[in-house]
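**Student:** Input structure: coords-v1.cif, which contains mmCIF, C-alpha atoms.
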```
data_model
loop_
_atom_site.label_atom_id
_atom_site.label_comp_id
_atom_site.auth_asym_id
_atom_site.auth_seq_id
_atom_site.Cartn_x
_atom_site.Cartn_y
_atom_site.Cartn_z
CA GLN A 183 27.82 -0.48 10.55
CA THR A 184 29.27 1.12 13.67
CA LEU A 185 27.66 4.46 12.83
CA GLU A 186 24.33 2.73 12.21
CA GLN A 187 24.49 1.00 15.61
CA CYS A 188 25.25 4.32 17.31
CA ALA A 189 22.36 6.00 15.50
CA HIS A 190 19.93 3.28 16.60
CA ALA A 191 21.15 3.59 20.20
CA ILE A 192 20.56 7.35 20.16
CA ALA A 193 17.17 7.02 18.46
CA ALA A 194 16.06 4.51 21.09
CA GLN A 195 16.36 7.27 23.72
CA GLY A 196 13.58 9.22 21.99
CA ARG A 197 13.36 12.57 20.15
CA ALA A 198 15.86 11.42 17.53
CA GLY A 199 14.85 14.26 15.20
CA ILE A 200 15.97 16.87 17.73
CA ILE A 201 19.30 15.11 18.26
CA ASN A 202 19.81 14.85 14.50
CA GLN A 203 19.12 18.56 14.03
CA ALA A 204 21.44 19.46 16.93
CA ILE A 205 24.32 17.49 15.37
CA LYS A 206 23.78 19.21 12.01
CA ASP A 207 23.63 22.65 13.64
CA LEU A 208 26.80 21.91 15.61
CA GLY A 209 28.66 20.85 12.49
CA ALA A 210 27.41 23.82 10.47
CA SER A 211 28.47 26.33 13.13
CA LEU A 212 31.79 24.84 14.31
CA CYS A 213 33.12 22.56 11.54
CA GLY A 214 33.36 25.02 8.66
CA LYS A 215 36.38 26.19 6.68
CA LYS A 216 38.23 26.77 9.95
CA ALA A 217 37.27 24.28 12.64
CA GLN A 218 36.51 25.89 16.01
CA CYS A 219 37.63 22.95 18.10
CA GLU A 220 38.40 25.09 21.14
CA THR A 221 34.68 25.81 21.64
CA CYS A 222 33.30 22.43 20.58
CA PRO A 223 31.78 20.24 23.35
CA LEU A 224 32.64 17.06 21.39
CA THR A 225 36.38 17.69 20.93
CA THR A 226 37.45 14.69 23.00
CA HIS A 227 35.24 12.38 20.93
CA CYS A 228 35.87 13.88 17.48
CA GLN A 229 37.90 11.54 15.27
CA ALA A 230 39.01 14.37 12.99
CA ASN A 231 40.43 16.23 15.99
CA LEU A 232 41.99 13.14 17.60
CA ARG A 233 43.69 12.23 14.30
CA GLN A 234 44.67 15.86 13.60
CA MET A 235 42.69 15.89 10.37
CA THR A 236 40.47 18.93 10.97
CA ASP A 237 42.13 20.69 8.03
CA VAL A 238 40.86 18.04 5.58
CA LEU A 239 37.63 16.86 7.26
CA PRO A 240 34.82 17.19 6.53
CA GLN A 241 35.70 16.78 2.86
CA LYS A 242 34.64 19.63 0.63
CA HIS A 243 32.48 18.64 -2.33
CA THR A 244 31.96 20.46 -5.58
CA PRO A 245 28.56 22.18 -5.41
CA THR A 246 25.93 20.46 -7.50
CA ALA A 247 23.24 22.17 -9.52
CA LYS A 248 20.04 22.52 -7.50
CA THR A 249 16.59 21.80 -8.90
CA PRO A 250 14.17 24.71 -8.37
CA ARG A 251 10.83 23.88 -6.78
CA ILE A 252 7.88 26.04 -5.84
CA CYS A 253 5.59 24.44 -3.26
CA ALA A 254 2.60 25.28 -1.09
CA ALA A 255 1.81 23.89 2.35
CA LEU A 256 -1.62 23.55 3.93
CA ILE A 257 -2.14 24.54 7.56
CA LEU A 258 -5.48 22.84 8.11
CA LYS A 259 -7.35 23.45 11.38
CA ASP A 260 -10.44 21.52 12.38
CA THR A 261 -13.32 22.55 14.64
CA ALA A 262 -11.47 21.17 17.68
CA GLY A 263 -8.59 23.59 17.11
CA LYS A 264 -6.18 20.88 15.99
CA VAL A 265 -3.87 21.10 12.98
CA LEU A 266 -3.16 18.28 10.53
CA VAL A 267 0.45 17.14 10.08
CA ALA A 268 1.90 14.26 8.08
CA ARG A 269 5.09 12.19 8.31
CA GLN A 270 7.26 11.71 5.24
CA ARG A 271 8.19 8.15 4.32
CA PRO A 272 11.87 7.29 4.98
CA ASP A 273 12.75 7.27 1.26
CA GLN A 274 11.27 10.73 0.63
CA LEU A 275 12.67 14.22 1.02
CA LEU A 276 12.73 14.98 4.77
CA GLY A 277 12.14 11.28 5.39
CA GLY A 278 10.85 10.43 8.86
CA LEU A 279 10.05 14.06 9.72
CA TRP A 280 6.63 15.65 10.19
CA THR A 281 5.45 18.32 7.79
CA PHE A 282 2.30 20.08 6.68
CA PRO A 283 0.48 18.63 3.66
CA THR A 284 2.35 19.99 0.64
CA LEU A 285 1.70 20.54 -3.07
CA GLU A 286 4.37 21.04 -5.70
CA LEU A 287 3.33 23.97 -7.90
CA ALA A 288 6.35 24.03 -10.22
CA ASN A 289 9.65 22.17 -10.52
CA ASP A 290 11.58 24.34 -12.96
CA THR A 291 12.79 27.90 -13.29
CA VAL A 292 9.95 30.41 -13.53
CA SER A 293 10.05 34.13 -14.12
CA LYS A 294 9.44 36.58 -11.31
CA HIS A 295 6.07 37.43 -12.86
CA ASN A 296 4.99 33.78 -13.02
CA LYS A 297 6.25 33.21 -9.49
CA GLU A 298 3.97 35.97 -8.26
CA LEU A 299 1.06 34.39 -10.15
CA LEU A 300 1.75 31.02 -8.53
CA LEU A 301 1.93 32.57 -5.08
CA ARG A 302 -1.30 34.54 -5.52
CA SER A 303 -3.39 32.02 -7.42
CA PRO A 304 -6.25 30.45 -5.38
CA ARG A 305 -5.43 26.86 -4.43
CA ILE A 306 -8.64 25.80 -2.70
CA ALA A 307 -9.59 23.47 -5.59
CA LEU A 308 -6.15 21.83 -5.42
CA TRP A 309 -6.51 21.31 -1.67
CA HIS A 310 -10.02 19.88 -2.04
CA ALA A 311 -8.57 17.35 -4.51
CA TRP A 312 -5.69 16.54 -2.12
CA LEU A 313 -8.06 16.04 0.82
CA LYS A 314 -10.44 13.87 -1.21
CA LYS A 315 -7.52 11.73 -2.40
CA HIS A 316 -6.52 11.15 1.23
CA GLY A 317 -10.01 10.36 2.51
CA LEU A 318 -11.44 13.70 3.69
CA THR A 319 -14.51 14.56 1.66
CA ALA A 320 -16.01 17.50 3.58
CA PRO A 321 -15.29 20.87 1.92
CA LEU A 322 -13.08 23.51 3.48
CA ALA A 323 -14.92 26.23 5.35
CA SER A 324 -12.24 28.73 4.31
CA CYS A 325 -8.79 28.83 2.69
CA THR A 326 -6.65 31.96 2.93
CA PRO A 327 -3.30 32.31 1.11
CA SER A 328 -0.43 33.75 3.13
CA TYR A 329 0.85 35.82 0.17
CA VAL A 330 4.40 35.35 1.46
CA TRP A 331 7.08 32.80 0.68
CA ILE A 332 10.27 31.55 2.22
CA ARG A 333 13.32 30.06 0.55
CA HIS A 334 15.00 26.89 1.76
CA ILE A 335 18.09 25.30 0.23
CA PHE A 336 18.58 21.54 0.30
CA THR A 337 21.69 19.80 -1.05
CA HIS A 338 20.01 19.31 -4.43
CA ILE A 339 16.86 21.46 -4.28
CA ASP A 340 16.29 25.21 -4.18
CA MET A 341 12.78 25.48 -2.77
CA LEU A 342 10.37 28.38 -2.52
CA MET A 343 7.54 27.64 -0.11
CA THR A 344 4.28 29.47 0.50
CA TRP A 345 1.30 28.28 2.55
CA ASP A 346 -2.46 28.52 2.95
CA ILE A 347 -4.35 28.61 6.24
CA ALA A 348 -7.59 26.65 5.98
CA HIS A 349 -10.42 25.62 8.27
CA TYR A 350 -12.19 22.28 8.03
CA ASN A 351 -15.90 22.48 8.82
CA THR A 352 -15.87 19.45 11.12
CA SER A 353 -13.42 17.47 13.24
CA ILE A 354 -10.79 15.50 11.33
CA SER A 355 -10.86 11.71 11.67
CA LEU A 356 -7.38 10.19 11.51
CA GLU A 357 -8.95 6.82 10.73
CA ALA A 358 -10.36 8.26 7.51
CA LEU A 359 -6.99 9.48 6.24
CA THR A 360 -5.20 7.35 3.66
CA PRO A 361 -1.36 7.29 3.43
CA ASP A 362 0.26 7.51 0.01
CA ALA A 363 3.64 6.99 -1.67
CA ALA A 364 5.13 10.01 0.12
CA LEU A 365 3.34 10.05 3.49
CA ASP A 366 3.09 7.12 5.88
CA GLN A 367 1.25 8.59 8.86
CA PHE A 368 -1.03 11.48 9.86
CA ASP A 369 -1.64 13.13 13.20
CA LEU A 370 -3.36 16.14 14.75
CA VAL A 371 -1.46 18.60 16.96
CA MET A 372 -2.99 21.15 19.27
CA GLN A 373 -2.44 24.83 18.66
CA LYS A 374 -1.38 26.70 21.79
CA SER A 375 -1.75 30.44 21.39
CA SER A 376 0.09 31.15 18.12
CA THR A 377 2.31 28.04 18.21
CA LEU A 378 1.83 24.34 17.55
CA ASP A 379 2.70 21.65 20.07
CA MET A 380 5.26 19.73 17.97
CA GLN A 381 7.27 18.33 20.88
CA ASP A 382 6.50 14.71 19.99
CA HIS A 383 6.71 15.27 16.23
CA PRO A 384 10.28 15.77 14.96
CA SER A 385 10.08 18.33 12.17
CA SER A 386 12.39 19.88 9.61
CA THR A 387 14.07 23.28 9.59
CA LEU A 388 11.77 24.18 6.70
CA MET A 389 8.68 23.54 8.82
CA LYS A 390 10.19 25.53 11.69
CA LYS A 391 10.64 28.45 9.28
CA ILE A 392 6.95 28.30 8.40
CA LEU A 393 5.93 28.07 12.06
CA ALA A 394 8.05 31.13 12.85
CA LYS A 395 6.07 33.13 10.29
CA LEU A 396 2.62 32.19 11.59
#
```
Before anything else, please render the file you have as structure tokens.
**Tutor:**
Amino acid sequence: QTLEQCAHAIAAQGRAGIINQAIKDLGASLCGKKAQCETCPLTTHCQANLRQMTDVLPQKHTPTAKTPRICAALILKDTAGKVLVARQRPDQLLGGLWTFPTLELANDTVSKHNKELLLRSPRIALWHAWLKKHGLTAPLASCTPSYVWIRHIFTHIDMLMTWDIAHYNTSISLEALTPDAALDQFDLVMQKSSTLDMQDHPSSTLMKKILAKL
């Protein structure tokens, strides 16, 4: 309960996603097998340090088997130069964070040959179906596969992600978009040069990896 109250207090200050990512990065870089307390800015507040328990905290867990997934993201630009993003529902993977629309192509182990087929296969029909399901009926003006993929490891998922860059042949109406069981909100972000303005849209490390490749 105390931790929950602290989290709500931090979130109320805004940009909670950035704070959350900063805490995770701090722990990953300084709280490993050998705690680097001498360089940590939170030493005076750290309960493990104050109780001299840095040799046993954080507790090490036996690695669990990870489920393989191959997914594709859609970077959809409209005629106004804005890009569609969606927010995951709290009970979903990456809950509360903004992502690109995503399709799951496979959720089991596939051979290297089949992986290449999945990455190179045209997905425009799949994206048309996704857009229609969510309320956008106009066809895509173009849809270009990236032909590259990145790997991202979650605690229980080993994900390979590729993406398509598509252009919508009109402006996108947020009012027309329909949330679903995984996504609770949509928005449009402006592209500035080769980057997206995601300052007000907390996003995952996975999405940042994709943005770095664009």
**Student:** For a cut-off of 12 Å around (5.5, 10.6, 12.2), file coordinates, pick out all residues using all atoms listed in the file and list them as a ChimeraX atom specification.
**Tutor:** /A:197-199,266-272,276-282,361,365-371,380-386
**Student:** Hey, can you check how far CA of Val330 in chain A sits from CA of Leu301 in chain A?
**Tutor:**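 CA of Val330 in chain A sits 7.5 Å away from CA of Leu301 in chain A.
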**Student:** With the PyMOL selection byres ((chain A and resi 305) around 12) as the selection, what would be picked from this file? Answer as a PyMOL selection string, please.
**Tutor:** chain A and resi 253-256+284-287+299-304+306-312+322+324-329+344-348
**Student:** Please write as a VMD selection string the full residue list that the PyMOL selection byres ((chain A and resi 391) around 12) yields on this file.
**Tutor:** chain A and resid 281 331 to 334 342 to 345 385 to 390 392 to 396
**Student:** Just the selected residues (C-alpha atoms), exported as a PDB file, in the coordinates of the input, please.
**Tutor:**
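File result-v1.pdb, as written:
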```
ATOM      1  CA  THR A 281       5.450  18.320   7.790  1.00  0.00           C
ATOM      2  CA  TRP A 331       7.080  32.800   0.680  1.00  0.00           C
ATOM      3  CA  ILE A 332      10.270  31.550   2.220  1.00  0.00           C
ATOM      4  CA  ARG A 333      13.320  30.060   0.550  1.00  0.00           C
ATOM      5  CA  HIS A 334      15.000  26.890   1.760  1.00  0.00           C
ATOM      6  CA  LEU A 342      10.370  28.380  -2.520  1.00  0.00           C
ATOM      7  CA  MET A 343       7.540  27.640  -0.110  1.00  0.00           C
ATOM      8  CA  THR A 344       4.280  29.470   0.500  1.00  0.00           C
ATOM      9  CA  TRP A 345       1.300  28.280   2.550  1.00  0.00           C
ATOM     10  CA  SER A 385      10.080  18.330  12.170  1.00  0.00           C
ATOM     11  CA  SER A 386      12.390  19.880   9.610  1.00  0.00           C
ATOM     12  CA  THR A 387      14.070  23.280   9.590  1.00  0.00           C
ATOM     13  CA  LEU A 388      11.770  24.180   6.700  1.00  0.00           C
ATOM     14  CA  MET A 389       8.680  23.540   8.820  1.00  0.00           C
ATOM     15  CA  LYS A 390      10.190  25.530  11.690  1.00  0.00           C
ATOM     16  CA  ILE A 392       6.950  28.300   8.400  1.00  0.00           C
ATOM     17  CA  LEU A 393       5.930  28.070  12.060  1.00  0.00           C
ATOM     18  CA  ALA A 394       8.050  31.130  12.850  1.00  0.00           C
ATOM     19  CA  LYS A 395       6.070  33.130  10.290  1.00  0.00           C
ATOM     20  CA  LEU A 396       2.620  32.190  11.590  1.00  0.00           C
TER      21      LEU A 396
END
```
**Student:** One decimal, Å: what's the distance from CA of Leu275 in chain A over to CA of Ile335 in chain A, could you say?
**Tutor:**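 CA of Leu275 in chain A sits 12.4 Å away from CA of Ile335 in chain A.
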**Student:** Provide the CA of Gln234 in chain A to CA of Ile200 in chain A distance in Å, to one decimal place.
**Tutor:**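 Taking CA of Gln234 in chain A and CA of Ile200 in chain A, their separation equals 29.0 Å.
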**Student:** Can you pull out the residues contacting His316 in chain A? Cut-off 9 Å, using only C-alpha atoms, and skip same-chain residues under 6 positions away; I want them as a list in words.
**Tutor:**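 Here the answer would be Ala358, Leu359, Thr360, Pro361 and Asp362 of chain A.
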**Student:** Residues near range 216-226 of chain A, anyone? I mean within 7 Å using only C-alpha atoms, not counting same-chain ones fewer than 4 positions away, as an MDAnalysis selection string.
**Tutor:** chainID A and resid 212 231 236
**Student:** I'd like the box whose edges run along x, y and z of the file and which contains every listed atom of range 269-274 of chain A, padded by 4 Å per side; could you state its centre and edge lengths in Å, one decimal, as lines of an AutoDock Vina configuration file?
**Tutor:**
```
center_x = 8.9
center_y = 9.7
center_z = 4.5
size_x = 15.7
size_y = 12.9
size_z = 15.7
```
**Student:** Would you please work out which residue, of A:Thr261, A:Lys314, A:Phe336, A:Ile192, is nearest to Ile205 in chain A when using all atoms listed in the file?
**Tutor:** A:Ile192
**Student:** Using only C-alpha atoms, which residue out of A:Ala288, A:Leu318, A:Ile257, A:Ala204 lies closest to Met341 in chain A?
**Tutor:** A:Ala288
**Student:** Counting only C-alpha atoms, select every polymer residue within 9 Å of (-0.3, 23.9, 16.9) as defined in the file's coordinates, and provide the selection as a list of chain:residue names.
**Tutor:**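 Those residues, ordered by chain and then number, are A:Lys259, A:Gly263, A:Lys264, A:Val265, A:Leu266, A:Leu370, A:Val371, A:Met372, A:Gln373, A:Lys374, A:Ser375, A:Ser376, A:Thr377, A:Leu378, A:Asp379, A:Met380, A:Leu393.
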